[in-house]
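Raw contents of data.cif, mmCIF, C-alpha atoms:
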```cif
data_input
loop_
_atom_site.label_atom_id
_atom_site.label_comp_id
_atom_site.auth_asym_id
_atom_site.auth_seq_id
_atom_site.Cartn_x
_atom_site.Cartn_y
_atom_site.Cartn_z
CA MET A 1 111.76 108.24 118.16
CA ARG A 2 113.94 110.57 120.24
CA TYR A 3 114.21 108.93 123.66
CA CYS A 4 114.97 105.45 124.94
CA ALA A 5 111.76 103.74 126.07
CA ASP A 6 113.78 101.74 128.62
CA CYS A 7 115.93 104.39 130.33
CA GLY A 8 114.71 107.76 129.01
CA ALA A 9 118.10 108.89 127.61
CA ALA A 10 118.45 110.23 124.05
CA VAL A 11 118.64 107.76 121.18
CA GLU A 12 120.75 108.16 118.05
CA LEU A 13 120.43 106.64 114.59
CA ARG A 14 123.39 104.38 113.88
CA THR A 15 124.23 100.99 112.38
CA PRO A 16 124.95 98.47 115.16
CA GLN A 17 127.83 96.00 114.82
CA ASP A 18 126.97 92.97 112.62
CA ASP A 19 123.97 94.88 111.25
CA ASN A 20 123.54 96.57 107.89
CA ARG A 21 120.97 99.25 108.55
CA GLU A 22 120.48 102.22 110.83
CA ARG A 23 118.59 101.63 114.07
CA TYR A 24 117.62 103.80 117.00
CA VAL A 25 120.25 102.99 119.64
CA CYS A 26 120.25 104.41 123.18
CA THR A 27 123.25 106.67 123.88
CA SER A 28 123.19 105.61 127.54
CA CYS A 29 122.12 101.94 127.88
CA ASP A 30 122.98 100.89 124.27
CA ILE A 31 119.72 99.04 123.75
CA ILE A 32 118.63 98.80 120.09
CA HIS A 33 115.02 99.80 119.38
CA TYR A 34 114.02 97.82 116.28
CA GLN A 35 111.08 98.98 114.21
CA ASN A 36 109.24 96.43 112.10
CA PRO A 37 106.17 96.17 109.87
CA LYS A 38 102.73 95.76 111.41
CA ILE A 39 100.06 93.26 110.43
CA ILE A 40 96.50 94.21 109.52
CA VAL A 41 94.06 91.30 109.84
CA GLY A 42 90.52 91.28 108.52
CA ALA A 43 87.58 89.21 107.32
CA ILE A 44 85.39 88.86 104.24
CA PRO A 45 82.21 87.87 106.12
CA GLU A 46 79.73 86.04 103.87
CA TRP A 47 76.12 85.42 104.91
CA GLU A 48 74.41 82.19 103.77
CA ASP A 49 72.68 83.96 100.85
CA GLY A 50 76.06 85.10 99.48
CA ARG A 51 75.91 88.70 100.68
CA ILE A 52 79.04 90.29 102.17
CA LEU A 53 79.20 92.43 105.30
CA LEU A 54 80.82 95.85 104.91
CA CYS A 55 81.39 98.63 107.46
CA LEU A 56 81.05 102.37 106.84
CA ARG A 57 84.03 104.02 108.50
CA ALA A 58 83.34 106.45 111.36
CA ILE A 59 87.03 107.32 111.75
CA GLU A 60 89.91 108.69 109.72
CA PRO A 61 91.52 107.77 107.44
CA ARG A 62 88.73 107.34 104.87
CA HIS A 63 85.85 108.45 107.10
CA GLY A 64 82.55 107.78 105.29
CA LEU A 65 83.87 105.06 102.97
CA TRP A 66 83.09 101.32 103.05
CA THR A 67 85.53 98.70 104.24
CA LEU A 68 85.84 95.09 105.30
CA PRO A 69 86.20 94.67 109.07
CA ALA A 70 89.98 94.78 109.65
CA GLY A 71 92.59 96.35 111.89
CA PHE A 72 95.94 96.01 113.62
CA MET A 73 96.74 92.54 114.91
CA GLU A 74 97.30 92.60 118.69
CA ASN A 75 99.96 90.93 120.80
CA GLY A 76 98.91 87.56 122.20
CA GLU A 77 96.54 86.57 119.42
CA THR A 78 96.73 84.55 116.18
CA VAL A 79 95.94 86.04 112.77
CA THR A 80 92.53 84.34 112.65
CA GLN A 81 91.70 85.37 116.22
CA GLY A 82 92.60 88.94 115.21
CA ALA A 83 90.37 88.82 112.13
CA ALA A 84 87.42 87.55 114.22
CA ARG A 85 88.06 90.16 116.95
CA GLU A 86 88.12 93.02 114.45
CA THR A 87 84.82 91.80 112.96
CA LEU A 88 83.29 91.73 116.43
CA GLU A 89 84.64 95.20 117.32
CA GLU A 90 83.73 96.98 114.08
CA ALA A 91 80.47 95.21 113.24
CA ASN A 92 79.42 93.44 116.46
CA ALA A 93 79.33 90.37 114.24
CA ARG A 94 80.34 86.79 114.93
CA VAL A 95 82.19 84.89 112.21
CA ASP A 96 83.94 81.62 111.53
CA ILE A 97 87.29 82.41 109.91
CA HIS A 98 88.39 80.20 107.01
CA GLU A 99 91.43 80.30 104.72
CA LEU A 100 93.69 83.26 103.95
CA LEU A 101 92.42 84.81 100.71
CA GLY A 102 94.44 88.01 100.32
CA LEU A 103 98.02 88.81 101.40
CA TYR A 104 98.95 92.36 100.47
CA ASN A 105 102.24 94.16 101.10
CA LEU A 106 102.21 97.93 101.59
CA PRO A 107 105.93 98.52 102.17
CA TYR A 108 105.59 102.32 101.87
CA ILE A 109 103.64 102.33 105.16
CA ASN A 110 105.31 99.20 106.65
CA GLN A 111 102.17 97.09 106.60
CA VAL A 112 101.21 93.55 105.66
CA GLN A 113 97.47 93.05 105.27
CA MET A 114 95.92 89.59 105.62
CA LEU A 115 92.26 89.14 104.69
CA PHE A 116 90.47 85.87 105.45
CA ARG A 117 87.38 84.28 103.98
CA ALA A 118 84.75 84.08 106.72
CA THR A 119 81.20 82.88 107.39
CA LEU A 120 78.83 85.27 109.16
CA LEU A 121 77.11 83.23 111.88
CA ASP A 122 73.95 85.29 112.49
CA LEU A 123 72.27 88.56 111.47
CA ASP A 124 72.60 90.20 114.89
CA PHE A 125 75.18 92.79 113.79
CA SER A 126 75.39 96.55 114.36
CA PRO A 127 77.96 99.36 114.01
CA GLY A 128 80.87 99.29 116.48
CA VAL A 129 82.41 102.57 117.69
CA GLU A 130 84.59 102.83 114.58
CA SER A 131 81.67 102.30 112.18
CA LEU A 132 78.78 104.55 111.09
CA ASP A 133 76.83 101.71 109.49
CA VAL A 134 77.16 97.98 108.82
CA LYS A 135 75.35 96.41 105.87
CA LEU A 136 75.11 93.25 103.75
CA PHE A 137 75.80 93.70 100.03
CA LYS A 138 75.09 91.42 97.08
CA GLU A 139 77.98 91.25 94.64
CA GLU A 140 76.19 93.62 92.24
CA GLU A 141 75.54 96.09 95.08
CA ILE A 142 79.16 96.47 96.27
CA PRO A 143 79.97 100.23 96.34
CA TRP A 144 83.18 99.84 94.33
CA GLU A 145 83.69 103.60 94.02
CA GLN A 146 83.22 104.17 97.76
CA LEU A 147 85.64 101.57 99.11
CA ALA A 148 88.11 102.87 101.68
CA PHE A 149 91.28 100.94 100.79
CA ARG A 150 92.78 99.14 97.78
CA PRO A 151 93.35 95.82 99.62
CA VAL A 152 89.61 95.75 100.37
CA LYS A 153 88.87 96.22 96.65
CA TYR A 154 91.38 93.56 95.59
CA ALA A 155 90.20 91.06 98.22
CA LEU A 156 86.56 91.49 97.16
CA GLU A 157 87.46 91.13 93.46
CA ASN A 158 89.51 88.01 94.21
CA PHE A 159 86.77 86.60 96.45
CA PHE A 160 83.99 86.99 93.88
CA ALA A 161 86.15 85.61 91.03
CA ASP A 162 87.12 82.58 93.16
CA ARG A 163 83.53 82.00 94.27
CA LYS A 164 82.39 82.00 90.64
CA ARG A 165 85.12 79.49 89.77
CA GLY A 166 84.19 77.33 92.76
CA GLU A 167 87.62 77.34 94.40
CA PHE A 168 89.28 79.75 96.82
CA LYS A 169 93.03 80.32 96.78
CA LEU A 170 95.57 82.72 98.24
CA HIS A 171 96.06 85.95 96.27
CA SER A 172 99.14 88.09 96.92
CA GLY A 173 100.01 91.59 95.82
CA ASP A 174 102.57 94.33 96.41
CA LEU A 175 101.08 97.82 96.47
CA ALA A 176 102.90 101.00 95.50
CA PRO A 177 101.95 104.29 97.21
CA PRO A 178 98.48 105.33 96.08
CA THR A 179 98.02 108.24 93.73
CA PRO A 180 96.20 111.14 95.39
CA ARG A 181 93.07 110.48 93.31
CA PHE A 182 92.25 106.95 94.54
CA MET B 1 108.61 100.34 128.31
CA ARG B 2 109.04 103.06 130.95
CA TYR B 3 109.58 106.31 129.02
CA CYS B 4 107.90 108.03 126.07
CA ALA B 5 110.01 107.59 122.93
CA ASP B 6 108.68 110.93 121.64
CA CYS B 7 109.12 113.28 124.64
CA GLY B 8 111.07 111.31 127.27
CA ALA B 9 108.43 111.63 130.02
CA ALA B 10 107.21 108.62 131.99
CA VAL B 11 104.57 106.36 130.45
CA GLU B 12 101.77 104.61 132.33
CA LEU B 13 99.73 101.53 131.49
CA ARG B 14 96.08 102.48 130.98
CA THR B 15 93.15 101.79 128.68
CA PRO B 16 92.66 104.75 126.32
CA GLN B 17 89.14 106.01 125.51
CA ASP B 18 87.35 103.87 122.87
CA ASP B 19 89.90 101.11 123.41
CA ASN B 20 89.49 97.84 125.30
CA ARG B 21 93.02 96.98 126.38
CA GLU B 22 95.84 98.55 128.32
CA ARG B 23 98.45 100.52 126.37
CA TYR B 24 101.55 102.46 127.29
CA VAL B 25 100.36 106.09 127.28
CA CYS B 26 102.63 109.09 127.87
CA THR B 27 101.80 111.00 131.09
CA SER B 28 102.98 114.25 129.46
CA CYS B 29 102.18 114.26 125.72
CA ASP B 30 99.38 111.59 125.86
CA ILE B 31 100.71 109.69 122.86
CA ILE B 32 99.76 105.99 122.82
CA HIS B 33 102.63 103.56 122.19
CA TYR B 34 101.04 100.51 120.59
CA GLN B 35 102.89 97.19 120.64
CA ASN B 36 102.08 94.65 117.94
CA PRO B 37 103.26 91.22 116.74
CA LYS B 38 106.34 90.94 114.55
CA ILE B 39 106.69 88.97 111.33
CA ILE B 40 109.41 86.40 110.71
CA VAL B 41 109.99 85.72 107.00
CA GLY B 42 112.04 82.87 105.61
CA ALA B 43 112.69 80.55 102.68
CA ILE B 44 112.76 76.82 101.94
CA PRO B 45 115.54 77.00 99.30
CA GLU B 46 115.49 73.97 96.97
CA TRP B 47 118.36 73.17 94.60
CA GLU B 48 117.58 71.59 91.21
CA ASP B 49 118.39 68.08 92.50
CA GLY B 50 115.79 68.44 95.27
CA ARG B 51 118.19 69.16 98.12
CA ILE B 52 117.28 71.84 100.68
CA LEU B 53 119.61 74.51 102.06
CA LEU B 54 119.86 74.70 105.84
CA CYS B 55 121.94 77.00 108.08
CA LEU B 56 123.71 76.03 111.30
CA ARG B 57 123.02 78.80 113.78
CA ALA B 58 126.02 80.79 115.09
CA ILE B 59 123.85 82.83 117.47
CA GLU B 60 121.42 82.36 120.31
CA PRO B 61 118.74 81.21 120.63
CA ARG B 62 119.47 77.66 119.48
CA HIS B 63 123.17 78.13 118.73
CA GLY B 64 124.51 75.01 116.98
CA LEU B 65 121.15 73.81 115.62
CA TRP B 66 119.96 73.79 111.99
CA THR B 67 117.40 76.19 110.60
CA LEU B 68 115.91 77.52 107.39
CA PRO B 69 117.15 81.02 106.52
CA ALA B 70 114.63 83.34 108.22
CA GLY B 71 114.46 86.45 110.35
CA PHE B 72 112.55 89.59 111.27
CA MET B 73 110.86 91.36 108.38
CA GLU B 74 112.18 94.91 108.01
CA ASN B 75 110.33 98.17 107.38
CA GLY B 76 110.16 99.12 103.71
CA GLU B 77 110.19 95.61 102.27
CA THR B 78 107.61 93.03 101.18
CA VAL B 79 107.35 89.57 102.73
CA THR B 80 109.05 87.93 99.72
CA GLN B 81 111.79 90.57 99.62
CA GLY B 82 112.37 89.88 103.30
CA ALA B 83 112.60 86.10 102.75
CA ALA B 84 115.14 86.61 99.93
CA ARG B 85 117.15 89.11 102.02
CA GLU B 86 117.35 86.75 104.98
CA THR B 87 118.56 83.96 102.68
CA LEU B 88 121.25 86.25 101.32
CA GLU B 89 122.31 87.43 104.79
CA GLU B 90 122.39 84.03 106.51
CA ALA B 91 123.61 81.84 103.64
CA ASN B 92 125.00 84.28 101.04
CA ALA B 93 122.57 82.52 98.71
CA ARG B 94 120.41 83.87 95.91
CA VAL B 95 116.86 82.52 95.59
CA ASP B 96 113.65 83.01 93.66
CA ILE B 97 110.81 83.15 96.16
CA HIS B 98 107.60 81.31 95.24
CA GLU B 99 104.32 80.76 97.12
CA LEU B 100 103.72 80.96 100.86
CA LEU B 101 103.93 77.40 102.22
CA GLY B 102 103.80 77.83 105.99
CA LEU B 103 102.00 80.43 108.13
CA TYR B 104 102.57 79.81 111.81
CA ASN B 105 101.25 81.81 114.76
CA LEU B 106 103.33 81.97 117.94
CA PRO B 107 101.07 84.21 120.05
CA TYR B 108 103.02 83.52 123.26
CA ILE B 109 105.97 85.46 121.80
CA ASN B 110 103.90 87.79 119.58
CA GLN B 111 105.21 86.39 116.30
CA VAL B 112 103.80 85.36 112.94
CA GLN B 113 106.20 83.25 110.89
CA MET B 114 105.86 83.05 107.10
CA LEU B 115 107.97 80.50 105.22
CA PHE B 116 108.07 80.54 101.42
CA ARG B 117 108.96 77.88 98.88
CA ALA B 118 112.09 79.03 97.02
CA THR B 119 114.46 77.98 94.25
CA LEU B 120 118.18 78.22 94.95
CA LEU B 121 119.71 79.91 91.90
CA ASP B 122 123.36 78.78 92.16
CA LEU B 123 125.73 76.84 94.43
CA ASP B 124 127.82 79.86 95.39
CA PHE B 125 126.65 79.97 99.02
CA SER B 126 128.56 80.28 102.30
CA PRO B 127 127.83 81.04 105.98
CA GLY B 128 126.75 84.59 106.80
CA VAL B 129 127.71 86.16 110.15
CA GLU B 130 124.79 84.46 111.92
CA SER B 131 125.66 80.99 110.56
CA LEU B 132 128.42 78.49 111.40
CA ASP B 133 127.77 76.35 108.32
CA VAL B 134 125.43 76.19 105.33
CA LYS B 135 124.69 72.86 103.68
CA LEU B 136 122.39 71.12 101.20
CA PHE B 137 120.39 68.17 102.56
CA LYS B 138 118.48 65.43 100.77
CA GLU B 139 115.11 64.67 102.38
CA GLU B 140 116.52 61.56 104.06
CA GLU B 141 119.49 63.55 105.41
CA ILE B 142 117.49 66.31 107.18
CA PRO B 143 118.75 66.49 110.81
CA TRP B 144 115.24 66.31 112.28
CA GLU B 145 116.53 66.01 115.86
CA GLN B 146 118.85 69.01 115.45
CA LEU B 147 116.38 71.55 114.05
CA ALA B 148 116.32 74.89 115.85
CA PHE B 149 112.61 75.78 115.77
CA ARG B 150 109.26 74.01 115.43
CA PRO B 151 108.06 76.12 112.46
CA VAL B 152 111.18 74.97 110.56
CA LYS B 153 110.28 71.35 111.28
CA TYR B 154 106.63 71.81 110.30
CA ALA B 155 107.50 73.71 107.12
CA LEU B 156 109.96 71.01 106.03
CA GLU B 157 107.43 68.23 106.78
CA ASN B 158 104.73 70.10 104.86
CA PHE B 159 107.12 70.84 101.98
CA PHE B 160 108.23 67.23 101.52
CA ALA B 161 104.65 65.88 101.80
CA ASP B 162 103.43 68.43 99.23
CA ARG B 163 106.35 67.70 96.89
CA LYS B 164 105.54 63.99 97.03
CA ARG B 165 101.88 64.73 96.23
CA GLY B 166 102.91 67.04 93.39
CA GLU B 167 101.09 70.12 94.64
CA PHE B 168 102.09 72.85 97.07
CA LYS B 169 99.55 74.59 99.27
CA LEU B 170 99.45 76.91 102.27
CA HIS B 171 99.74 75.21 105.65
CA SER B 172 98.76 77.11 108.81
CA GLY B 173 99.30 76.32 112.45
CA ASP B 174 98.97 77.87 115.90
CA LEU B 175 101.80 76.96 118.26
CA ALA B 176 101.53 76.76 122.03
CA PRO B 177 104.60 77.56 124.17
CA PRO B 178 107.20 74.82 123.70
CA THR B 179 107.90 72.35 126.45
CA PRO B 180 111.42 72.75 127.88
CA ARG B 181 112.54 69.46 126.26
CA PHE B 182 111.94 70.40 122.57
#
```

Would you write out, as structure tokens, the structure that this file holds?
Amino acid sequence: MRYCADCGAAVELRTPQDDNRERYVCTSCDIIHYQNPKIIVGAIPEWEDGRILLCLRAIEPRHGLWTLPAGFMENGETVTQGAARETLEEANARVDIHELLGLYNLPYINQVQMLFRATLLDLDFSPGVESLDVKLFKEEEIPWEQLAFRPVKYALENFFADRKRGEFKLHSGDLAPPTPRF
Amino acid sequence: MRYCADCGAAVELRTPQDDNRERYVCTSCDIIHYQNPKIIVGAIPEWEDGRILLCLRAIEPRHGLWTLPAGFMENGETVTQGAARETLEEANARVDIHELLGLYNLPYINQVQMLFRATLLDLDFSPGVESLDVKLFKEEEIPWEQLAFRPVKYALENFFADRKRGEFKLHSGDLAPPTPRF
């Protein structure tokens, strides 16, 4: 950030009064431009035979790897509305969203990821513009080595373990920056 | 938003390619300035005798009303780190943060509020700059009619009901815009 989004003057990094961290503050109109973490919302869509819907990414990062439908939460929606919207956009799939299963912090990229258990409502799905392919996977078919992101891996592991046990609960985790090999 | 934070040129509202909603896009450098919901993190700090720590707000909105310590999550922290930091800043109080108890969507102001069960670690607390007073309340002493925000009320109701039952769980809710009287 170099310019004030409100008045167009230059901003400077300084600690406002009664604050304890540096913010971008406008040198002309004095407005403070706060920057805060963003929320990623997504679904773990389960068909009635137990298979899970995954999307093959058509975009960077992680082009060509498999992921759960998920993306940035938008203004004006709830977390579950966001998870359903992302599933519709990436997989043209309709879901009922259930409880929050995975809550993952990625503080090194200022993200909080929230993945919800979901029921896939019909088999009329197809790749959205951000997906190359959309497919249902049995637990033993999940492409563990070709998953795009660690929260997707953790959420699927937690989901299958909970399903085996017969009870779903909220799993939380704090992720450190990935090693280059993941 | 009127100016590009990156180059200072004017922005315009338009729907970028492969997108389905209007964004602020720079007319000169074409960068898209996304705007997304913000996360409020807070704690329900319980002392060993069962009393709960509340803060009397010294700032607007809701100056002079009672609230749980909570505030905007900052970049570079996790949700539980944020809840502990807010408790330290608003009440000069140290807490252990436990499970997520309340997850409330306020889509009309683009907020997601996350309130965590917490244990107050000592009685050495005092008002921070945003608080007029900080006090421990028994359940029957909670100033229900002088609470600052609805998520605070819901989280306290859920907390006390769960404590009575002997088991804490995640409670979620979607809030519509408040009526002027609340």

To verify the selection step, state as a PyMOL selection string which residues the PyMOL selection byres ((chain A and resi 159) around 9) yields on this input.
chain A and resi 44+101-102+117+154-158+160-164+168-169

With C-alpha atoms retained, export the selected residues as a PDB file, keeping the file's coordinate frame.
```pdb
ATOM      1  CA  ILE A  44      85.390  88.860 104.240  1.00  0.00           C
ATOM      2  CA  LEU A 101      92.420  84.810 100.710  1.00  0.00           C
ATOM      3  CA  GLY A 102      94.440  88.010 100.320  1.00  0.00           C
ATOM      4  CA  ARG A 117      87.380  84.280 103.980  1.00  0.00           C
ATOM      5  CA  TYR A 154      91.380  93.560  95.590  1.00  0.00           C
ATOM      6  CA  ALA A 155      90.200  91.060  98.220  1.00  0.00           C
ATOM      7  CA  LEU A 156      86.560  91.490  97.160  1.00  0.00           C
ATOM      8  CA  GLU A 157      87.460  91.130  93.460  1.00  0.00           C
ATOM      9  CA  ASN A 158      89.510  88.010  94.210  1.00  0.00           C
ATOM     10  CA  PHE A 160      83.990  86.990  93.880  1.00  0.00           C
ATOM     11  CA  ALA A 161      86.150  85.610  91.030  1.00  0.00           C
ATOM     12  CA  ASP A 162      87.120  82.580  93.160  1.00  0.00           C
ATOM     13  CA  ARG A 163      83.530  82.000  94.270  1.00  0.00           C
ATOM     14  CA  LYS A 164      82.390  82.000  90.640  1.00  0.00           C
ATOM     15  CA  PHE A 168      89.280  79.750  96.820  1.00  0.00           C
ATOM     16  CA  LYS A 169      93.030  80.320  96.780  1.00  0.00           C
TER      17      LYS A 169
END
```

Provide the CA of Leu132 in chain A to CA of Ala43 in chain A distance in Å, to one decimal place.
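Taking CA of Leu132 in chain A and CA of Ala43 in chain A, their separation equals 18.1 Å.
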
Close residues, Asn105 in chain B itself excluded, 12 Å, all atoms listed in the file, min 4 positions apart in chain, as a PDB file with C-alpha atoms, in the frame of the given file:
```
ATOM      1  CA  MET A  73      96.740  92.540 114.910  1.00  0.00           C
ATOM      2  CA  ASN A  75      99.960  90.930 120.800  1.00  0.00           C
ATOM      3  CA  GLY A  76      98.910  87.560 122.200  1.00  0.00           C
ATOM      4  CA  GLU A  77      96.540  86.570 119.420  1.00  0.00           C
ATOM      5  CA  THR A  78      96.730  84.550 116.180  1.00  0.00           C
ATOM      6  CA  VAL A  79      95.940  86.040 112.770  1.00  0.00           C
ATOM      7  CA  THR A  80      92.530  84.340 112.650  1.00  0.00           C
ATOM      8  CA  GLN A  81      91.700  85.370 116.220  1.00  0.00           C
ATOM      9  CA  GLY A  82      92.600  88.940 115.210  1.00  0.00           C
TER      10      GLY A  82
ATOM     11  CA  PRO B  37     103.260  91.220 116.740  1.00  0.00           C
ATOM     12  CA  LYS B  38     106.340  90.940 114.550  1.00  0.00           C
ATOM     13  CA  ILE B  39     106.690  88.970 111.330  1.00  0.00           C
ATOM     14  CA  ILE B  40     109.410  86.400 110.710  1.00  0.00           C
ATOM     15  CA  ILE B 109     105.970  85.460 121.800  1.00  0.00           C
ATOM     16  CA  ASN B 110     103.900  87.790 119.580  1.00  0.00           C
ATOM     17  CA  GLN B 111     105.210  86.390 116.300  1.00  0.00           C
ATOM     18  CA  VAL B 112     103.800  85.360 112.940  1.00  0.00           C
ATOM     19  CA  GLN B 113     106.200  83.250 110.890  1.00  0.00           C
ATOM     20  CA  MET B 114     105.860  83.050 107.100  1.00  0.00           C
ATOM     21  CA  LEU B 115     107.970  80.500 105.220  1.00  0.00           C
ATOM     22  CA  ARG B 150     109.260  74.010 115.430  1.00  0.00           C
ATOM     23  CA  PRO B 151     108.060  76.120 112.460  1.00  0.00           C
ATOM     24  CA  HIS B 171      99.740  75.210 105.650  1.00  0.00           C
ATOM     25  CA  SER B 172      98.760  77.110 108.810  1.00  0.00           C
ATOM     26  CA  GLY B 173      99.300  76.320 112.450  1.00  0.00           C
ATOM     27  CA  ASP B 174      98.970  77.870 115.900  1.00  0.00           C
ATOM     28  CA  LEU B 175     101.800  76.960 118.260  1.00  0.00           C
ATOM     29  CA  ALA B 176     101.530  76.760 122.030  1.00  0.00           C
ATOM     30  CA  PRO B 177     104.600  77.560 124.170  1.00  0.00           C
TER      31      PRO B 177
END
```

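Using only C-alpha atoms, the protein and nucleic acid residues lying no more than 12 Å from Thr27 in chain B, apart from those fewer than 5 places from it along its own chain, are Arg2, Tyr3, Cys4, Asp6, Cys7, Gly8, Ala9, Ala10, Val11, Glu12, Leu13, Arg14, Ile32 and His33 of chain B.
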
Is it possible to get the axis-aligned box enclosing range 12-17 of chain A (all listed atoms, 6 Å extra per side) as AutoDock Vina command-line options, with centre and edge lengths in Å rounded to one decimal?
```
--center_x 124.1 --center_y 102.1 --center_z 115.2 --size_x 19.4 --size_y 24.2 --size_z 17.7
```

If the PyMOL selection byres ((chain B and resi 66) around 12) is run on the structure shown, which residues does it catch, given as a compact mmCIF listing (two decimals) with C-alpha atoms, keeping the file's coordinate frame?
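Result file is part-v7.txt:
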```
# COMPACT_ATOMS: atom_id res chain seq x y z
CA ILE B 52 117.28 71.84 100.68
CA LEU B 53 119.61 74.51 102.06
CA LEU B 54 119.86 74.70 105.84
CA CYS B 55 121.94 77.00 108.08
CA LEU B 56 123.71 76.03 111.30
CA ARG B 57 123.02 78.80 113.78
CA ALA B 58 126.02 80.79 115.09
CA ILE B 59 123.85 82.83 117.47
CA PRO B 61 118.74 81.21 120.63
CA ARG B 62 119.47 77.66 119.48
CA HIS B 63 123.17 78.13 118.73
CA GLY B 64 124.51 75.01 116.98
CA LEU B 65 121.15 73.81 115.62
CA THR B 67 117.40 76.19 110.60
CA LEU B 68 115.91 77.52 107.39
CA PRO B 69 117.15 81.02 106.52
CA ALA B 70 114.63 83.34 108.22
CA GLU B 90 122.39 84.03 106.51
CA GLU B 130 124.79 84.46 111.92
CA SER B 131 125.66 80.99 110.56
CA LEU B 132 128.42 78.49 111.40
CA ASP B 133 127.77 76.35 108.32
CA VAL B 134 125.43 76.19 105.33
CA LYS B 135 124.69 72.86 103.68
CA LEU B 136 122.39 71.12 101.20
CA PHE B 137 120.39 68.17 102.56
CA ILE B 142 117.49 66.31 107.18
CA PRO B 143 118.75 66.49 110.81
CA TRP B 144 115.24 66.31 112.28
CA GLU B 145 116.53 66.01 115.86
CA GLN B 146 118.85 69.01 115.45
CA LEU B 147 116.38 71.55 114.05
CA ALA B 148 116.32 74.89 115.85
CA PHE B 149 112.61 75.78 115.77
CA ARG B 150 109.26 74.01 115.43
CA VAL B 152 111.18 74.97 110.56
CA LYS B 153 110.28 71.35 111.28
CA LEU B 156 109.96 71.01 106.03
```

Find the residue from A:Leu123, A:Val95, A:Ala83, A:Leu106 that sits nearest to chain B; use all atoms listed in the file when measuring.
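Nearest candidate to chain B out of A:Leu123, A:Val95, A:Ala83, A:Leu106: A:Leu106.
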
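Between CA of Gly42 in chain A and CA of Asn36 in chain B the separation is 15.3 Å.
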
Interatomic distance between CA of Leu100 in chain A and CA of Asp19 in chain B?
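Separation between CA of Leu100 in chain A and CA of Asp19 in chain B: 26.7 Å.
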
Residue with smallest distance to chain A - pool B:Pro107, B:Pro180, B:Gly166, B:Gly128, counting only C-alpha atoms
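Residue with the minimum atom-to-atom distance to chain A: B:Pro107.
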
Selection in question (the file shown): the PyMOL selection byres ((chain A and resi 125) around 6). Which residues does it include, as a PyMOL selection string?
chain A and resi 91-93+123-124+126

Let me make sure I understand: among A:Asp122, A:Glu48, A:Arg94, A:Arg85, which one has the smallest atom-to-atom distance to chain B if we use only C-alpha atoms?
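Residue with the minimum atom-to-atom distance to chain B: A:Arg85.
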
The residue from B:Glu86, B:Arg51, B:Val129, B:Glu60 with the smallest atom-to-atom distance to chain A, counting all atoms listed in the file, is B:Val129

Option closest in space to chain A, from B:Asp96, B:Asp18, B:Asp30, B:Glu141 [counting all atoms listed in the file]:
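Closest to chain A, using all atoms listed in the file: B:Asp18.
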
So which one's closest to chain A, B:Arg165, B:Thr15, B:Pro178, B:Arg23? Using only C-alpha atoms, please.
B:Arg23

For range 164-175 of chain A, supply N, CA and C atoms and format the output as a PDB file, in the coordinates of the input.
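The resulting file, out_36.pdb, is reproduced below:
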```
ATOM      1  N   LYS A 164      82.977  82.346  91.937  1.00  0.00           N
ATOM      2  CA  LYS A 164      82.390  82.000  90.640  1.00  0.00           C
ATOM      3  C   LYS A 164      83.038  80.716  90.119  1.00  0.00           C
ATOM      4  N   ARG A 165      84.353  80.633  90.265  1.00  0.00           N
ATOM      5  CA  ARG A 165      85.120  79.490  89.770  1.00  0.00           C
ATOM      6  C   ARG A 165      84.908  78.241  90.627  1.00  0.00           C
ATOM      7  N   GLY A 166      84.448  78.462  91.869  1.00  0.00           N
ATOM      8  CA  GLY A 166      84.190  77.330  92.760  1.00  0.00           C
ATOM      9  C   GLY A 166      85.386  76.893  93.581  1.00  0.00           C
ATOM     10  N   GLU A 167      86.440  77.714  93.612  1.00  0.00           N
ATOM     11  CA  GLU A 167      87.620  77.340  94.400  1.00  0.00           C
ATOM     12  C   GLU A 167      88.345  78.591  94.912  1.00  0.00           C
ATOM     13  N   PHE A 168      88.593  78.598  96.228  1.00  0.00           N
ATOM     14  CA  PHE A 168      89.280  79.750  96.820  1.00  0.00           C
ATOM     15  C   PHE A 168      90.764  79.461  96.930  1.00  0.00           C
ATOM     16  N   LYS A 169      91.584  80.482  96.624  1.00  0.00           N
ATOM     17  CA  LYS A 169      93.030  80.320  96.780  1.00  0.00           C
ATOM     18  C   LYS A 169      93.622  81.622  97.317  1.00  0.00           C
ATOM     19  N   LEU A 170      94.890  81.544  97.692  1.00  0.00           N
ATOM     20  CA  LEU A 170      95.570  82.720  98.240  1.00  0.00           C
ATOM     21  C   LEU A 170      96.005  83.651  97.106  1.00  0.00           C
ATOM     22  N   HIS A 171      95.637  84.918  97.227  1.00  0.00           N
ATOM     23  CA  HIS A 171      96.060  85.950  96.270  1.00  0.00           C
ATOM     24  C   HIS A 171      97.036  86.884  96.980  1.00  0.00           C
ATOM     25  N   SER A 172      98.157  87.183  96.320  1.00  0.00           N
ATOM     26  CA  SER A 172      99.140  88.090  96.920  1.00  0.00           C
ATOM     27  C   SER A 172      99.336  89.297  96.018  1.00  0.00           C
ATOM     28  N   GLY A 173      99.741  90.405  96.620  1.00  0.00           N
ATOM     29  CA  GLY A 173     100.010  91.590  95.820  1.00  0.00           C
ATOM     30  C   GLY A 173     100.889  92.566  96.581  1.00  0.00           C
ATOM     31  N   ASP A 174     101.726  93.285  95.830  1.00  0.00           N
ATOM     32  CA  ASP A 174     102.570  94.330  96.410  1.00  0.00           C
ATOM     33  C   ASP A 174     102.033  95.671  95.920  1.00  0.00           C
ATOM     34  N   LEU A 175     101.684  96.547  96.843  1.00  0.00           N
ATOM     35  CA  LEU A 175     101.080  97.820  96.470  1.00  0.00           C
ATOM     36  C   LEU A 175     102.099  98.958  96.537  1.00  0.00           C
TER      37      LEU A 175
END
```
